[in-house]
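Asks: This is the structure, below, for whatever I ask next.
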Amino acid sequence: MAEFVRVASVSDIQPGTAREVTVRDRVLAIFNVDGKFHVLDGICPHAGGPLGEGKLQGNIMTCPWHGWQFDVTTGQHCLTPQICQQAFVCCVEGDDLLVEIPDT
Ligand code: FES
């Protein structure tokens, strides 16, 4: 059964920034877009780059390895519609950011 898991403190991820976390063997990329959080699978589908270490501009992040870009609100690749990074449901409780981790 899927379960919400605390992954970070909200206050540690400022608007316009990203963070990589590992939860239950999953690498997740967390993005703060103007105070709203979005969470994607953190491993780039191109060659495994760390999306949580990418640059965030508005709702578009750029992978630090070769520059693939994704809309962090949907996981959609910006140029290739067939590529969509897995997105995770998240919510804020106080200063805790919780992410729904599906069963594997
Ligand atoms: S690993 Fe992300 S663009 Fe190549």
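By convention in this document, the chains of the structure tokens carry letters A, B, ... by their order, each chain's residues are numbered from 1, and ligands are numbered from 1 in the order they are shown.
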Check every protein, DNA and RNA residue against ligand 1, keep those with an atom at most 7 Å away (counting only C-alpha atoms and all ligand atoms), and present them as a list in words.
Replies: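 I would give the residues around ligand 1 as Cys44, Pro45, His46, Ala47, Gly48, Gly49, Cys63, Pro64, Trp65, His66, Gly67 and Trp68 of chain A.
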Asks: Take the residues that were just selected and, keeping N, CA and C atoms, output them as a PDB file, in the first residue's frame.
Replies:
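The result, written out as part.pdb:
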ATOM      1  N   CYS A  44      17.749  10.988 -14.234  1.00  0.00           N
ATOM      2  CA  CYS A  44      17.435  11.406 -15.609  1.00  0.00           C
ATOM      3  C   CYS A  44      17.345  10.188 -16.533  1.00  0.00           C
ATOM      4  N   PRO A  45      16.299  10.132 -17.360  1.00  0.00           N
ATOM      5  CA  PRO A  45      16.129   8.983 -18.256  1.00  0.00           C
ATOM      6  C   PRO A  45      17.125   8.964 -19.414  1.00  0.00           C
ATOM      7  N   HIS A  46      17.870  10.040 -19.599  1.00  0.00           N
ATOM      8  CA  HIS A  46      18.856  10.062 -20.678  1.00  0.00           C
ATOM      9  C   HIS A  46      20.040   9.179 -20.331  1.00  0.00           C
ATOM     10  N   ALA A  47      20.735   9.521 -19.244  1.00  0.00           N
ATOM     11  CA  ALA A  47      21.925   8.754 -18.883  1.00  0.00           C
ATOM     12  C   ALA A  47      22.145   8.698 -17.380  1.00  0.00           C
ATOM     13  N   GLY A  48      21.076   8.917 -16.621  1.00  0.00           N
ATOM     14  CA  GLY A  48      21.173   8.738 -15.173  1.00  0.00           C
ATOM     15  C   GLY A  48      21.639   9.943 -14.393  1.00  0.00           C
ATOM     16  N   GLY A  49      21.608  11.101 -14.985  1.00  0.00           N
ATOM     17  CA  GLY A  49      22.036  12.317 -14.285  1.00  0.00           C
ATOM     18  C   GLY A  49      21.132  12.647 -13.102  1.00  0.00           C
ATOM     19  N   CYS A  63      18.736  19.304 -16.651  1.00  0.00           N
ATOM     20  CA  CYS A  63      19.623  18.281 -16.109  1.00  0.00           C
ATOM     21  C   CYS A  63      21.073  18.777 -16.173  1.00  0.00           C
ATOM     22  N   PRO A  64      21.826  18.601 -15.085  1.00  0.00           N
ATOM     23  CA  PRO A  64      23.190  19.135 -15.054  1.00  0.00           C
ATOM     24  C   PRO A  64      24.170  18.389 -15.958  1.00  0.00           C
ATOM     25  N   TRP A  65      23.813  17.207 -16.437  1.00  0.00           N
ATOM     26  CA  TRP A  65      24.789  16.455 -17.222  1.00  0.00           C
ATOM     27  C   TRP A  65      24.795  16.828 -18.703  1.00  0.00           C
ATOM     28  N   HIS A  66      23.647  16.820 -19.364  1.00  0.00           N
ATOM     29  CA  HIS A  66      23.630  17.099 -20.810  1.00  0.00           C
ATOM     30  C   HIS A  66      22.529  18.049 -21.221  1.00  0.00           C
ATOM     31  N   GLY A  67      21.820  18.612 -20.257  1.00  0.00           N
ATOM     32  CA  GLY A  67      20.902  19.695 -20.586  1.00  0.00           C
ATOM     33  C   GLY A  67      19.488  19.327 -20.977  1.00  0.00           C
ATOM     34  N   TRP A  68      19.089  18.080 -20.814  1.00  0.00           N
ATOM     35  CA  TRP A  68      17.673  17.780 -21.060  1.00  0.00           C
ATOM     36  C   TRP A  68      16.836  18.622 -20.105  1.00  0.00           C
TER      37      TRP A  68
END
Asks: Could you pull the residues within 6 Å of region 83-93 of chain A, counting only C-alpha atoms, minus those fewer than 6 positions along the same chain, as a list in words?
Replies: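 Those residues are Val39, Leu40, Asp41, Gly75, Gln76, His77, Val99 and Glu100 of chain A.
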Asks: For CA of Gly35 (chain A) and CA of Pro81 (chain A), quote the distance in Å rounded to one decimal.
Replies: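 Pair CA of Gly35 (chain A) / CA of Pro81 (chain A) returns 26.6 Å.
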Asks: Can you tell me how far CA of Leu98 (chain A) sits from CA of Gln82 (chain A), in Å to one decimal?
Replies: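 Spanning CA of Leu98 (chain A) to CA of Gln82 (chain A) is a straight-line distance of 28.3 Å.
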Asks: Counting only C-alpha atoms, what is within 7 Å of Val72 (chain A), bar same-chain residues fewer than 4 positions away, as number ranges by chain?
Replies: A: 38, 59-61
Asks: Taking only C-alpha atoms into account, which of A:Asp71, A:Asp96, A:Asp103, A:Glu53 comes nearest Glu20 (chain A)?
Replies: A:Glu53
Asks: One decimal, in Å: what's the spacing between CA of Val27 (chain A) and CA of Gly42 (chain A)?
Replies: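 For CA of Val27 (chain A) relative to CA of Gly42 (chain A), the distance reads 5.0 Å.
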Asks: Once DSSP has gone over the backbone, tell me which residues of region 71-102 of chain A are in strand (DSSP E), as a ChimeraX atom specification.
Replies: /A:71,87-88,90-93,96-101
Asks: Write out as a tab-separated table (two decimals) with C-alpha atoms, in the first residue's frame which residues come within 8 Å of Asn32 (chain A) when counting only C-alpha atoms, dropping same-chain ones fewer than 2 positions away.
Replies:
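Result file out.tsv:
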chain	number	residue	atom	x	y	z
A	13	ILE	CA	14.22	24.10	0.09
A	14	GLN	CA	13.80	27.70	-0.90
A	15	PRO	CA	11.69	28.86	-3.86
A	16	GLY	CA	13.56	28.45	-7.13
A	17	THR	CA	15.75	25.64	-5.83
A	18	ALA	CA	15.91	21.87	-6.06
A	30	ILE	CA	12.26	17.94	-5.16
A	34	ASP	CA	7.24	29.81	-6.07
A	35	GLY	CA	6.47	28.00	-2.83
A	36	LYS	CA	4.71	25.02	-4.41
A	37	PHE	CA	6.54	21.70	-4.25
A	38	HIS	CA	6.88	19.15	-7.04
Asks: Residues at most 12 Å from Gly94 (chain A), counting only C-alpha atoms, excluding those fewer than 5 positions away in the same chain, as a list in words?
Replies: Arg6, Ala8, Ser9, Val10 and Ser11 of chain A
Asks: Give me a file of those residues, with N, CA and C atoms, as an mmCIF file, in the first residue's frame.
Replies:
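Final output, saved to selection.cif:
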data_model
loop_
_atom_site.group_PDB
_atom_site.id
_atom_site.type_symbol
_atom_site.label_atom_id
_atom_site.label_comp_id
_atom_site.auth_asym_id
_atom_site.auth_seq_id
_atom_site.Cartn_x
_atom_site.Cartn_y
_atom_site.Cartn_z
ATOM 1 N N ARG A 6 7.940 11.350 5.114
ATOM 2 C CA ARG A 6 8.607 12.645 5.231
ATOM 3 C C ARG A 6 9.939 12.568 4.491
ATOM 4 N N ALA A 8 11.758 15.814 3.610
ATOM 5 C CA ALA A 8 12.570 17.017 3.790
ATOM 6 C C ALA A 8 11.822 18.016 4.665
ATOM 7 N N SER A 9 12.586 19.006 5.145
ATOM 8 C CA SER A 9 11.976 20.163 5.797
ATOM 9 C C SER A 9 11.671 21.203 4.726
ATOM 10 N N VAL A 10 10.465 21.708 4.754
ATOM 11 C CA VAL A 10 10.059 22.716 3.781
ATOM 12 C C VAL A 10 11.011 23.911 3.810
ATOM 13 N N SER A 11 11.417 24.297 4.993
ATOM 14 C CA SER A 11 12.259 25.495 5.133
ATOM 15 C C SER A 11 13.654 25.304 4.562
#
